[in-house]
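Novice: File follows, protein_37.cif with mmCIF, C-alpha atoms and all ligand atoms:
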```cif
data_run
loop_
_atom_site.group_PDB
_atom_site.id
_atom_site.type_symbol
_atom_site.label_atom_id
_atom_site.label_comp_id
_atom_site.auth_asym_id
_atom_site.auth_seq_id
_atom_site.Cartn_x
_atom_site.Cartn_y
_atom_site.Cartn_z
ATOM 1 C CA MET A 1 110.925 94.676 86.705
ATOM 2 C CA GLU A 2 108.449 97.502 86.230
ATOM 3 C CA LYS A 3 110.196 100.855 86.222
ATOM 4 C CA LEU A 4 109.043 104.415 85.612
ATOM 5 C CA ILE A 5 111.967 106.679 84.788
ATOM 6 C CA VAL A 6 111.534 110.153 86.283
ATOM 7 C CA ASP A 7 114.831 111.622 85.047
ATOM 8 C CA ASP A 8 118.586 110.955 85.200
ATOM 9 C CA ASP A 9 118.507 110.983 89.035
ATOM 10 C CA LEU A 10 115.289 109.191 89.964
ATOM 11 C CA TYR A 11 113.058 106.307 89.014
ATOM 12 C CA LEU A 12 109.996 104.589 90.469
ATOM 13 C CA SER A 13 109.663 100.842 90.928
ATOM 14 C CA PRO A 14 107.692 98.423 93.136
ATOM 15 C CA PRO A 15 108.842 97.734 96.711
ATOM 16 C CA THR A 16 110.747 94.493 97.346
ATOM 17 C CA ASP A 17 111.866 92.646 100.489
ATOM 18 C CA ALA A 18 115.269 94.344 100.151
ATOM 19 C CA ASP A 19 113.576 97.703 100.967
ATOM 20 C CA LYS A 20 112.494 96.701 104.475
ATOM 21 C CA GLU A 21 115.331 98.452 106.341
ATOM 22 C CA ALA A 22 114.921 101.646 104.320
ATOM 23 C CA LEU A 23 111.179 101.701 105.049
ATOM 24 C CA VAL A 24 111.738 101.271 108.791
ATOM 25 C CA SER A 25 114.430 103.930 108.814
ATOM 26 C CA HIS A 26 112.502 106.549 106.790
ATOM 27 C CA LEU A 27 109.054 105.947 108.257
ATOM 28 C CA ASN A 28 109.994 106.391 111.883
ATOM 29 C CA ASP A 29 109.137 110.019 111.340
ATOM 30 C CA GLU A 30 106.370 111.726 113.267
ATOM 31 C CA GLU A 31 105.761 114.235 110.479
ATOM 32 C CA ILE A 32 104.967 111.481 107.991
ATOM 33 C CA TYR A 33 102.625 109.917 110.547
ATOM 34 C CA ARG A 34 100.960 113.264 111.188
ATOM 35 C CA TYR A 35 100.216 114.008 107.547
ATOM 36 C CA THR A 36 99.195 110.549 106.331
ATOM 37 C CA LEU A 37 96.392 108.154 107.298
ATOM 38 C CA ARG A 38 97.687 104.620 106.846
ATOM 39 C CA ILE A 39 101.278 104.739 108.112
ATOM 40 C CA PRO A 40 101.790 103.764 111.781
ATOM 41 C CA TYR A 41 104.177 105.460 114.208
ATOM 42 C CA PRO A 42 106.466 104.202 115.613
ATOM 43 C CA TYR A 43 107.060 102.132 112.473
ATOM 44 C CA THR A 44 108.306 98.595 113.095
ATOM 45 C CA HIS A 45 109.826 95.819 110.965
ATOM 46 C CA LYS A 46 106.443 94.111 111.175
ATOM 47 C CA ASP A 47 104.776 97.222 109.739
ATOM 48 C CA ALA A 48 107.264 97.175 106.857
ATOM 49 C CA GLN A 49 106.622 93.458 106.243
ATOM 50 C CA ASP A 50 102.838 94.038 106.327
ATOM 51 C CA PHE A 51 103.243 96.805 103.738
ATOM 52 C CA LEU A 52 105.368 94.576 101.483
ATOM 53 C CA ASN A 53 102.804 91.778 101.778
ATOM 54 C CA LEU A 54 99.982 94.196 100.993
ATOM 55 C CA CYS A 55 101.814 95.397 97.872
ATOM 56 C CA ARG A 56 102.290 91.790 96.731
ATOM 57 C CA ASP A 57 98.624 90.932 97.389
ATOM 58 C CA GLN A 58 97.355 94.036 95.603
ATOM 59 C CA ARG A 59 99.562 93.280 92.645
ATOM 60 C CA LYS A 60 98.066 89.787 92.402
ATOM 61 C CA GLN A 61 94.514 91.024 92.899
ATOM 62 C CA TYR A 62 94.575 94.032 90.566
ATOM 63 C CA GLY A 63 97.231 92.975 88.055
ATOM 64 C CA ARG A 64 99.255 96.111 88.639
ATOM 65 C CA ASN A 65 101.352 97.745 91.274
ATOM 66 C CA LEU A 66 99.658 100.447 93.400
ATOM 67 C CA HIS A 67 102.567 101.669 95.547
ATOM 68 C CA TRP A 68 105.880 102.646 93.988
ATOM 69 C CA LEU A 69 109.117 103.493 95.721
ATOM 70 C CA ILE A 70 111.008 106.565 94.594
ATOM 71 C CA ARG A 71 114.621 105.519 94.036
ATOM 72 C CA ARG A 72 117.918 107.117 93.265
ATOM 73 C CA THR A 73 119.865 105.603 90.356
ATOM 74 C CA ASN A 74 121.753 103.288 92.751
ATOM 75 C CA GLY A 75 118.399 101.736 93.735
ATOM 76 C CA GLU A 76 118.189 103.361 97.182
ATOM 77 C CA ALA A 77 114.551 103.931 98.197
ATOM 78 C CA ILE A 78 114.010 107.520 99.389
ATOM 79 C CA GLY A 79 110.246 107.950 99.160
ATOM 80 C CA CYS A 80 106.980 106.447 98.061
ATOM 81 C CA ILE A 81 104.053 107.375 95.848
ATOM 82 C CA GLY A 82 100.904 105.428 95.139
ATOM 83 C CA PHE A 83 97.258 105.288 94.254
ATOM 84 C CA HIS A 84 94.860 104.181 96.978
ATOM 85 C CA LEU A 85 92.331 102.689 94.556
ATOM 86 C CA SER A 86 89.801 104.525 96.695
ATOM 87 C CA PHE A 87 86.949 104.310 94.187
ATOM 88 C CA GLY A 88 87.433 100.822 92.713
ATOM 89 C CA THR A 89 89.221 99.445 89.665
ATOM 90 C CA ASP A 90 86.674 100.741 87.135
ATOM 91 C CA SER A 91 86.659 104.316 88.370
ATOM 92 C CA HIS A 92 87.869 107.267 86.313
ATOM 93 C CA ARG A 93 89.317 108.797 89.500
ATOM 94 C CA ASP A 94 91.799 107.840 92.171
ATOM 95 C CA GLU A 95 93.535 109.321 95.171
ATOM 96 C CA LEU A 96 97.247 109.974 95.426
ATOM 97 C CA GLY A 97 99.384 109.338 98.534
ATOM 98 C CA TYR A 98 103.102 110.041 98.991
ATOM 99 C CA TRP A 99 105.980 110.678 101.375
ATOM 100 C CA MET A 100 109.636 111.633 101.020
ATOM 101 C CA ALA A 101 112.371 110.641 103.500
ATOM 102 C CA ARG A 102 113.253 113.607 105.688
ATOM 103 C CA SER A 103 116.867 114.002 104.524
ATOM 104 C CA TYR A 104 115.798 114.136 100.865
ATOM 105 C CA ARG A 105 113.140 116.830 101.197
ATOM 106 C CA GLY A 106 113.468 120.183 99.504
ATOM 107 C CA TYR A 107 115.314 118.989 96.388
ATOM 108 C CA GLY A 108 112.257 118.904 94.129
ATOM 109 C CA PHE A 109 112.194 115.089 94.181
ATOM 110 C CA MET A 110 108.510 114.764 95.065
ATOM 111 C CA THR A 111 107.450 117.437 92.607
ATOM 112 C CA LYS A 112 108.968 115.567 89.683
ATOM 113 C CA SER A 113 107.865 112.137 90.969
ATOM 114 C CA ILE A 114 104.250 113.339 91.131
ATOM 115 C CA LYS A 115 104.512 114.706 87.592
ATOM 116 C CA LYS A 116 105.704 111.352 86.263
ATOM 117 C CA PHE A 117 103.211 109.374 88.316
ATOM 118 C CA CYS A 118 100.244 111.439 87.147
ATOM 119 C CA GLU A 119 101.337 110.983 83.514
ATOM 120 C CA TYR A 120 101.347 107.237 84.214
ATOM 121 C CA GLY A 121 97.910 107.475 85.898
ATOM 122 C CA PHE A 122 96.358 109.289 82.953
ATOM 123 C CA SER A 123 98.003 107.386 80.120
ATOM 124 C CA TYR A 124 98.463 103.838 81.442
ATOM 125 C CA ILE A 125 95.623 103.466 83.959
ATOM 126 C CA GLY A 126 93.248 105.735 82.044
ATOM 127 C CA LEU A 127 92.351 108.037 84.917
ATOM 128 C CA ILE A 128 90.566 111.316 84.221
ATOM 129 C CA ARG A 129 90.796 112.809 87.685
ATOM 130 C CA ILE A 130 93.557 112.455 90.306
ATOM 131 C CA GLU A 131 92.807 113.703 93.822
ATOM 132 C CA ALA A 132 94.766 114.421 96.982
ATOM 133 C CA VAL A 133 93.095 115.388 100.260
ATOM 134 C CA LEU A 134 95.649 117.100 102.472
ATOM 135 C CA PHE A 135 95.613 117.896 106.148
ATOM 136 C CA ASP A 136 94.738 121.569 106.314
ATOM 137 C CA ASP A 137 98.187 122.736 107.511
ATOM 138 C CA ASN A 138 100.360 120.590 105.216
ATOM 139 C CA LYS A 139 102.062 123.460 103.385
ATOM 140 C CA ALA A 140 104.855 121.427 101.718
ATOM 141 C CA SER A 141 102.313 119.038 100.248
ATOM 142 C CA GLN A 142 100.135 121.917 99.012
ATOM 143 C CA ARG A 143 103.167 123.357 97.299
ATOM 144 C CA VAL A 144 104.159 120.145 95.467
ATOM 145 C CA LEU A 145 100.608 119.791 94.172
ATOM 146 C CA GLU A 146 100.399 123.419 93.057
ATOM 147 C CA LYS A 147 103.727 123.033 91.253
ATOM 148 C CA ASN A 148 102.071 120.147 89.389
ATOM 149 C CA GLU A 149 99.029 122.233 88.372
ATOM 150 C CA PHE A 150 96.636 120.581 90.829
ATOM 151 C CA LYS A 151 93.777 122.960 91.684
ATOM 152 C CA TYR A 152 92.406 123.598 95.155
ATOM 153 C CA GLU A 153 88.710 122.673 95.172
ATOM 154 C CA GLY A 154 87.698 123.375 98.739
ATOM 155 C CA LEU A 155 87.812 122.475 102.388
ATOM 156 C CA MET A 156 86.297 119.109 103.299
ATOM 157 C CA LYS A 157 85.052 119.373 106.865
ATOM 158 C CA LYS A 158 86.104 116.502 109.139
ATOM 159 C CA ILE A 159 87.012 114.290 106.173
ATOM 160 C CA HIS A 160 89.934 112.642 107.971
ATOM 161 C CA GLU A 161 89.529 110.478 111.071
ATOM 162 C CA LYS A 162 92.492 109.482 113.162
ATOM 163 C CA LYS A 163 92.290 107.755 116.532
ATOM 164 C CA GLY A 164 88.784 109.106 117.128
ATOM 165 C CA LYS A 165 89.678 112.700 116.168
ATOM 166 C CA TYR A 166 88.383 114.413 113.038
ATOM 167 C CA PHE A 167 90.386 116.726 110.793
ATOM 168 C CA ASP A 168 89.491 119.075 107.947
ATOM 169 C CA GLY A 169 91.136 118.328 104.599
ATOM 170 C CA ARG A 170 91.937 120.402 101.529
ATOM 171 C CA MET A 171 90.762 118.779 98.293
ATOM 172 C CA TYR A 172 93.187 119.167 95.385
ATOM 173 C CA ALA A 173 92.633 117.644 91.974
ATOM 174 C CA LEU A 174 94.329 117.356 88.611
ATOM 175 C CA VAL A 175 91.776 116.781 85.865
ATOM 176 C CA LYS A 176 92.638 115.568 82.378
HETATM 177 C C1 LIG A 201 105.230 116.769 101.220
HETATM 178 C C2 LIG A 201 106.549 116.104 100.875
HETATM 179 C C3 LIG A 201 106.264 114.770 100.191
HETATM 180 C C4 LIG A 201 107.333 117.003 99.898
HETATM 181 O O1 LIG A 201 108.486 116.317 99.419
HETATM 182 P P1 LIG A 201 109.754 117.102 98.823
HETATM 183 O O2 LIG A 201 110.565 116.134 98.037
HETATM 184 O O3 LIG A 201 110.418 117.878 99.892
HETATM 185 O O4 LIG A 201 109.029 118.132 97.837
HETATM 186 P P2 LIG A 201 109.724 119.160 96.824
HETATM 187 O O5 LIG A 201 111.150 119.371 97.214
HETATM 188 O O6 LIG A 201 109.439 118.674 95.456
HETATM 189 O O7 LIG A 201 108.870 120.479 97.058
HETATM 190 C C5 LIG A 201 108.625 120.979 98.367
HETATM 191 C C6 LIG A 201 108.087 122.397 98.244
HETATM 192 O O8 LIG A 201 107.405 122.726 99.468
HETATM 193 C C7 LIG A 201 107.978 123.910 99.982
HETATM 194 N N1 LIG A 201 107.823 123.849 101.434
HETATM 195 C C8 LIG A 201 108.386 122.984 102.306
HETATM 196 N N2 LIG A 201 107.979 123.264 103.561
HETATM 197 C C9 LIG A 201 107.114 124.308 103.461
HETATM 198 C C10 LIG A 201 106.351 125.051 104.405
HETATM 199 N N3 LIG A 201 106.390 124.757 105.712
HETATM 200 N N4 LIG A 201 105.581 126.073 103.962
HETATM 201 C C11 LIG A 201 105.530 126.377 102.638
HETATM 202 N N5 LIG A 201 106.221 125.690 101.687
HETATM 203 C C12 LIG A 201 107.010 124.688 102.107
HETATM 204 C C13 LIG A 201 109.399 123.888 99.518
HETATM 205 O O9 LIG A 201 109.995 125.167 99.602
HETATM 206 C C14 LIG A 201 109.200 123.420 98.057
HETATM 207 O O10 LIG A 201 108.658 124.440 97.252
HETATM 208 P P3 LIG A 201 109.582 125.345 96.265
HETATM 209 O O11 LIG A 201 110.179 124.393 95.269
HETATM 210 O O12 LIG A 201 108.657 126.318 95.654
HETATM 211 O O13 LIG A 201 110.652 125.983 97.134
HETATM 212 C C15 LIG A 201 107.423 115.880 102.146
HETATM 213 O O14 LIG A 201 107.549 117.115 102.840
HETATM 214 C C16 LIG A 201 106.858 114.830 103.089
HETATM 215 O O15 LIG A 201 107.093 113.646 102.907
HETATM 216 N N6 LIG A 201 106.105 115.258 104.128
HETATM 217 C C17 LIG A 201 105.561 114.342 105.120
HETATM 218 C C18 LIG A 201 104.523 113.381 104.524
HETATM 219 C C19 LIG A 201 103.448 114.111 103.758
HETATM 220 O O16 LIG A 201 103.070 115.220 104.081
HETATM 221 N N7 LIG A 201 102.919 113.433 102.725
HETATM 222 C C20 LIG A 201 101.877 113.999 101.902
HETATM 223 C C21 LIG A 201 100.541 113.611 102.447
HETATM 224 S S1 LIG A 201 99.251 114.375 101.493
#
```
For this file, write the structure as structure tokens.
Ligand SMILES: CC(C)(COP(=O)(O)OP(=O)(O)OC[C@H]1O[C@@H](n2cnc3c(N)ncnc32)[C@H](O)[C@@H]1OP(=O)(O)O)[C@@H](O)C(=O)NCCC(=O)NCCS
Specialist:
Amino acid sequence: MEKLIVDDDLYLSPPTDADKEALVSHLNDEEIYRYTLRIPYPYTHKDAQDFLNLCRDQRKQYGRNLHWLIRRTNGEAIGCIGFHLSFGTDSHRDELGYWMARSYRGYGFMTKSIKKFCEYGFSYIGLIRIEAVLFDDNKASQRVLEKNEFKYEGLMKKIHEKKGKYFDGRMYALVK
């Protein structure tokens, strides 16, 4: 199984059917819904199954895994990080998405997962530029990016659309 070791406490690996309950439990969180674009709320078992199917299909189509679960050494899934493949398989750039389960926030887990994942993006995928476009008021997410040397590049007016409403986004990028 593909595995990216973050450190002695954490590793990243692809989602499997055994992660369905953890996904449903962690993703029934309004804050995750509020700050992301593709995760429904409330989050049902069907949503989790759709996500697992999508991961499997993407893996077949692109020959690599796009979404990785962040796991403790016992295998428990506590978060997720992935590339959206927003600009196609041949692009030098991609967009990062991530969430951490509420009870595991504030321990530095996402900061170190992003560090590892960007190393993987640059060295294995060959990216030159990794982007994240945050909702304007997402302070925790700004902080994890800044701790990983991402630079703020500006405010993107009405870049996010959600249920017919438009939101400004802050563009952050890490450039090789
Ligand atoms: C953003 C998120 C992934 C961070 O995960 P995490 O594992 O808690 O991150 P870390 O512990 O590595 O770092 C969090 C940092 O944000 C800081 N922080 C948290 N809330 C904050 C706030 N309201 N204002 C300012 N800083 C804040 C923490 O103090 C910490 O910084 P520090 O190490 O300097 O003290 C998590 O909060 C989350 O899943 N949020 C909901 C989904 C989301 O926003 N996804 C990102 C979409 S772009």
Novice: List the neighbours of range 158-172 of chain A out to 9 Å using only C-alpha atoms; skip same-chain residues closer than 6 positions along the sequence, and give me the result as a list in words.
Specialist: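 My list of contacting residues is Leu37, Ile130, Glu131, Ala132, Val133, Leu134, Phe135, Asp136, Asp137, Gln142, Leu145, Glu146, Phe150, Lys151 and Tyr152 of chain A.
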Novice: Run through the PyMOL selection byres (((chain A and resi 73) around 9) and not hetatm) on the given coordinates and return the selected residues as number ranges by chain.
Specialist: A: 8-11, 71-72, 74-76
Novice: What do you get, as a PyMOL selection string, if you spell out every residue that the PyMOL selection byres (((not hetatm)) within 10 of (chain A and resi 201)) selects here?
Specialist: chain A and resi 26-27+29-37+39+78-81+95-114+132-148+169-170+172
Novice: Got time to write the residues from that selection, C-alpha atoms, as a PDB file, keeping the file's coordinate frame?
Specialist:
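selection05.pdb was written with the following content:
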```pdb
ATOM      1  CA  HIS A  26     112.502 106.549 106.790  1.00  0.00           C
ATOM      2  CA  LEU A  27     109.054 105.947 108.257  1.00  0.00           C
ATOM      3  CA  ASP A  29     109.137 110.019 111.340  1.00  0.00           C
ATOM      4  CA  GLU A  30     106.370 111.726 113.267  1.00  0.00           C
ATOM      5  CA  GLU A  31     105.761 114.235 110.479  1.00  0.00           C
ATOM      6  CA  ILE A  32     104.967 111.481 107.991  1.00  0.00           C
ATOM      7  CA  TYR A  33     102.625 109.917 110.547  1.00  0.00           C
ATOM      8  CA  ARG A  34     100.960 113.264 111.188  1.00  0.00           C
ATOM      9  CA  TYR A  35     100.216 114.008 107.547  1.00  0.00           C
ATOM     10  CA  THR A  36      99.195 110.549 106.331  1.00  0.00           C
ATOM     11  CA  LEU A  37      96.392 108.154 107.298  1.00  0.00           C
ATOM     12  CA  ILE A  39     101.278 104.739 108.112  1.00  0.00           C
ATOM     13  CA  ILE A  78     114.010 107.520  99.389  1.00  0.00           C
ATOM     14  CA  GLY A  79     110.246 107.950  99.160  1.00  0.00           C
ATOM     15  CA  CYS A  80     106.980 106.447  98.061  1.00  0.00           C
ATOM     16  CA  ILE A  81     104.053 107.375  95.848  1.00  0.00           C
ATOM     17  CA  GLU A  95      93.535 109.321  95.171  1.00  0.00           C
ATOM     18  CA  LEU A  96      97.247 109.974  95.426  1.00  0.00           C
ATOM     19  CA  GLY A  97      99.384 109.338  98.534  1.00  0.00           C
ATOM     20  CA  TYR A  98     103.102 110.041  98.991  1.00  0.00           C
ATOM     21  CA  TRP A  99     105.980 110.678 101.375  1.00  0.00           C
ATOM     22  CA  MET A 100     109.636 111.633 101.020  1.00  0.00           C
ATOM     23  CA  ALA A 101     112.371 110.641 103.500  1.00  0.00           C
ATOM     24  CA  ARG A 102     113.253 113.607 105.688  1.00  0.00           C
ATOM     25  CA  SER A 103     116.867 114.002 104.524  1.00  0.00           C
ATOM     26  CA  TYR A 104     115.798 114.136 100.865  1.00  0.00           C
ATOM     27  CA  ARG A 105     113.140 116.830 101.197  1.00  0.00           C
ATOM     28  CA  GLY A 106     113.468 120.183  99.504  1.00  0.00           C
ATOM     29  CA  TYR A 107     115.314 118.989  96.388  1.00  0.00           C
ATOM     30  CA  GLY A 108     112.257 118.904  94.129  1.00  0.00           C
ATOM     31  CA  PHE A 109     112.194 115.089  94.181  1.00  0.00           C
ATOM     32  CA  MET A 110     108.510 114.764  95.065  1.00  0.00           C
ATOM     33  CA  THR A 111     107.450 117.437  92.607  1.00  0.00           C
ATOM     34  CA  LYS A 112     108.968 115.567  89.683  1.00  0.00           C
ATOM     35  CA  SER A 113     107.865 112.137  90.969  1.00  0.00           C
ATOM     36  CA  ILE A 114     104.250 113.339  91.131  1.00  0.00           C
ATOM     37  CA  ALA A 132      94.766 114.421  96.982  1.00  0.00           C
ATOM     38  CA  VAL A 133      93.095 115.388 100.260  1.00  0.00           C
ATOM     39  CA  LEU A 134      95.649 117.100 102.472  1.00  0.00           C
ATOM     40  CA  PHE A 135      95.613 117.896 106.148  1.00  0.00           C
ATOM     41  CA  ASP A 136      94.738 121.569 106.314  1.00  0.00           C
ATOM     42  CA  ASP A 137      98.187 122.736 107.511  1.00  0.00           C
ATOM     43  CA  ASN A 138     100.360 120.590 105.216  1.00  0.00           C
ATOM     44  CA  LYS A 139     102.062 123.460 103.385  1.00  0.00           C
ATOM     45  CA  ALA A 140     104.855 121.427 101.718  1.00  0.00           C
ATOM     46  CA  SER A 141     102.313 119.038 100.248  1.00  0.00           C
ATOM     47  CA  GLN A 142     100.135 121.917  99.012  1.00  0.00           C
ATOM     48  CA  ARG A 143     103.167 123.357  97.299  1.00  0.00           C
ATOM     49  CA  VAL A 144     104.159 120.145  95.467  1.00  0.00           C
ATOM     50  CA  LEU A 145     100.608 119.791  94.172  1.00  0.00           C
ATOM     51  CA  GLU A 146     100.399 123.419  93.057  1.00  0.00           C
ATOM     52  CA  LYS A 147     103.727 123.033  91.253  1.00  0.00           C
ATOM     53  CA  ASN A 148     102.071 120.147  89.389  1.00  0.00           C
ATOM     54  CA  GLY A 169      91.136 118.328 104.599  1.00  0.00           C
ATOM     55  CA  ARG A 170      91.937 120.402 101.529  1.00  0.00           C
ATOM     56  CA  TYR A 172      93.187 119.167  95.385  1.00  0.00           C
TER      57      TYR A 172
END
```
Novice: Have a look at CA of His92 in chain A and CA of Gly63 in chain A and let me know their distance in Å, one decimal.
Specialist: 17.2 Å
Novice: Around (104.7, 99.3, 93.8) in the file's frame, which residues reach within 12 Å when counting only C-alpha atoms? Return as a PyMOL selection string?
Specialist: chain A and resi 1-4+11-17+19+51-60+62-71+77+79-84+117
Novice: For a test of reading the model, state the distance in Å between CA of Val6 in chain A and CA of Ala18 in chain A, rounded to one decimal.
Specialist: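 These atoms are spaced 21.4 Å apart.
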Novice: When you count only C-alpha atoms, which of these residues is closest to Ala48 in chain A: A:Asp7, A:Glu149, A:Glu21, A:Asp90?
Specialist: A:Glu21
Novice: Residues picked by the PyMOL selection byres (((chain A and resi 175) around 8) and not hetatm) here, as an mmCIF file with C-alpha atoms, in the frame of the given file?
Specialist:
```cif
data_model
loop_
_atom_site.group_PDB
_atom_site.id
_atom_site.type_symbol
_atom_site.label_atom_id
_atom_site.label_comp_id
_atom_site.auth_asym_id
_atom_site.auth_seq_id
_atom_site.Cartn_x
_atom_site.Cartn_y
_atom_site.Cartn_z
ATOM 1 C CA ILE A 128 90.566 111.316 84.221
ATOM 2 C CA ARG A 129 90.796 112.809 87.685
ATOM 3 C CA ILE A 130 93.557 112.455 90.306
ATOM 4 C CA PHE A 150 96.636 120.581 90.829
ATOM 5 C CA ALA A 173 92.633 117.644 91.974
ATOM 6 C CA LEU A 174 94.329 117.356 88.611
ATOM 7 C CA LYS A 176 92.638 115.568 82.378
#
```
Novice: Please, what distance in Å, to one decimal, runs between CA of Thr89 in chain A and CA of Gln61 in chain A?
Specialist: 10.5 Å
Novice: Could you extract range 50-128 of chain A of the given structure into a file holding C-alpha atoms, as a PDB file, in the first residue's frame?
Specialist:
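Writing done, so here's out.pdb:
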```pdb
ATOM      1  CA  ASP A  50     -19.219   8.472  -3.113  1.00  0.00           C
ATOM      2  CA  PHE A  51     -15.884   9.882  -1.925  1.00  0.00           C
ATOM      3  CA  LEU A  52     -14.331   6.402  -1.705  1.00  0.00           C
ATOM      4  CA  ASN A  53     -15.600   5.581  -5.199  1.00  0.00           C
ATOM      5  CA  LEU A  54     -14.241   8.867  -6.533  1.00  0.00           C
ATOM      6  CA  CYS A  55     -10.818   8.117  -5.031  1.00  0.00           C
ATOM      7  CA  ARG A  56     -10.828   4.670  -6.659  1.00  0.00           C
ATOM      8  CA  ASP A  57     -11.894   6.097 -10.041  1.00  0.00           C
ATOM      9  CA  GLN A  58      -9.298   8.869  -9.931  1.00  0.00           C
ATOM     10  CA  ARG A  59      -6.617   6.371  -9.053  1.00  0.00           C
ATOM     11  CA  LYS A  60      -7.539   4.287 -12.103  1.00  0.00           C
ATOM     12  CA  GLN A  61      -7.799   7.312 -14.379  1.00  0.00           C
ATOM     13  CA  TYR A  62      -4.649   9.162 -13.308  1.00  0.00           C
ATOM     14  CA  GLY A  63      -2.464   6.287 -12.110  1.00  0.00           C
ATOM     15  CA  ARG A  64      -1.951   7.880  -8.723  1.00  0.00           C
ATOM     16  CA  ASN A  65      -3.847   8.703  -5.603  1.00  0.00           C
ATOM     17  CA  LEU A  66      -5.111  12.305  -5.249  1.00  0.00           C
ATOM     18  CA  HIS A  67      -6.632  12.243  -1.750  1.00  0.00           C
ATOM     19  CA  TRP A  68      -4.690  10.889   1.209  1.00  0.00           C
ATOM     20  CA  LEU A  69      -5.919  10.249   4.714  1.00  0.00           C
ATOM     21  CA  ILE A  70      -3.806  11.457   7.606  1.00  0.00           C
ATOM     22  CA  ARG A  71      -3.428   8.539  10.016  1.00  0.00           C
ATOM     23  CA  ARG A  72      -2.042   7.882  13.431  1.00  0.00           C
ATOM     24  CA  THR A  73       0.344   4.922  13.722  1.00  0.00           C
ATOM     25  CA  ASN A  74      -2.556   2.603  14.651  1.00  0.00           C
ATOM     26  CA  GLY A  75      -4.132   3.377  11.253  1.00  0.00           C
ATOM     27  CA  GLU A  76      -6.912   5.623  12.591  1.00  0.00           C
ATOM     28  CA  ALA A  77      -7.874   8.276  10.018  1.00  0.00           C
ATOM     29  CA  ILE A  78      -7.921  11.756  11.593  1.00  0.00           C
ATOM     30  CA  GLY A  79      -7.750  14.069   8.589  1.00  0.00           C
ATOM     31  CA  CYS A  80      -7.329  14.343   4.863  1.00  0.00           C
ATOM     32  CA  ILE A  81      -5.081  16.140   2.405  1.00  0.00           C
ATOM     33  CA  GLY A  82      -5.160  16.083  -1.362  1.00  0.00           C
ATOM     34  CA  PHE A  83      -4.538  17.716  -4.686  1.00  0.00           C
ATOM     35  CA  HIS A  84      -7.582  18.751  -6.700  1.00  0.00           C
ATOM     36  CA  LEU A  85      -5.865  18.324 -10.070  1.00  0.00           C
ATOM     37  CA  SER A  86      -7.450  21.676 -10.850  1.00  0.00           C
ATOM     38  CA  PHE A  87      -5.271  22.436 -13.874  1.00  0.00           C
ATOM     39  CA  GLY A  88      -4.928  19.002 -15.504  1.00  0.00           C
ATOM     40  CA  THR A  89      -2.374  16.206 -15.308  1.00  0.00           C
ATOM     41  CA  ASP A  90       0.307  18.021 -17.327  1.00  0.00           C
ATOM     42  CA  SER A  91       0.241  21.218 -15.306  1.00  0.00           C
ATOM     43  CA  HIS A  92       3.166  22.472 -13.239  1.00  0.00           C
ATOM     44  CA  ARG A  93       0.683  23.690 -10.604  1.00  0.00           C
ATOM     45  CA  ASP A  94      -2.031  22.217  -8.442  1.00  0.00           C
ATOM     46  CA  GLU A  95      -4.338  23.197  -5.627  1.00  0.00           C
ATOM     47  CA  LEU A  96      -4.200  21.795  -2.122  1.00  0.00           C
ATOM     48  CA  GLY A  97      -7.247  20.871  -0.001  1.00  0.00           C
ATOM     49  CA  TYR A  98      -7.285  19.554   3.576  1.00  0.00           C
ATOM     50  CA  TRP A  99      -9.213  19.092   6.807  1.00  0.00           C
ATOM     51  CA  MET A 100      -8.406  17.821  10.290  1.00  0.00           C
ATOM     52  CA  ALA A 101     -10.937  16.138  12.609  1.00  0.00           C
ATOM     53  CA  ARG A 102     -12.054  18.586  15.277  1.00  0.00           C
ATOM     54  CA  SER A 103     -10.654  16.693  18.281  1.00  0.00           C
ATOM     55  CA  TYR A 104      -7.189  16.507  16.697  1.00  0.00           C
ATOM     56  CA  ARG A 105      -6.797  20.194  15.867  1.00  0.00           C
ATOM     57  CA  GLY A 106      -4.135  22.332  17.467  1.00  0.00           C
ATOM     58  CA  TYR A 107      -1.458  19.637  17.789  1.00  0.00           C
ATOM     59  CA  GLY A 108       0.515  20.671  14.708  1.00  0.00           C
ATOM     60  CA  PHE A 109      -0.718  17.627  12.766  1.00  0.00           C
ATOM     61  CA  MET A 110      -1.835  19.549   9.681  1.00  0.00           C
ATOM     62  CA  THR A 111       1.276  21.700   9.615  1.00  0.00           C
ATOM     63  CA  LYS A 112       3.546  18.678   9.364  1.00  0.00           C
ATOM     64  CA  SER A 113       1.210  16.797   6.990  1.00  0.00           C
ATOM     65  CA  ILE A 114       1.256  19.747   4.576  1.00  0.00           C
ATOM     66  CA  LYS A 115       5.052  19.875   4.752  1.00  0.00           C
ATOM     67  CA  LYS A 116       5.333  16.204   3.814  1.00  0.00           C
ATOM     68  CA  PHE A 117       2.651  16.425   1.149  1.00  0.00           C
ATOM     69  CA  CYS A 118       4.259  19.412  -0.563  1.00  0.00           C
ATOM     70  CA  GLU A 119       7.620  17.595  -0.613  1.00  0.00           C
ATOM     71  CA  TYR A 120       5.796  14.722  -2.326  1.00  0.00           C
ATOM     72  CA  GLY A 121       4.106  17.157  -4.760  1.00  0.00           C
ATOM     73  CA  PHE A 122       7.389  18.761  -5.767  1.00  0.00           C
ATOM     74  CA  SER A 123       9.570  15.666  -5.909  1.00  0.00           C
ATOM     75  CA  TYR A 124       7.238  12.858  -7.017  1.00  0.00           C
ATOM     76  CA  ILE A 125       4.597  14.677  -9.080  1.00  0.00           C
ATOM     77  CA  GLY A 126       7.004  17.334 -10.343  1.00  0.00           C
ATOM     78  CA  LEU A 127       4.945  20.361  -9.364  1.00  0.00           C
ATOM     79  CA  ILE A 128       6.535  23.810  -9.378  1.00  0.00           C
TER      80      ILE A 128
END
```
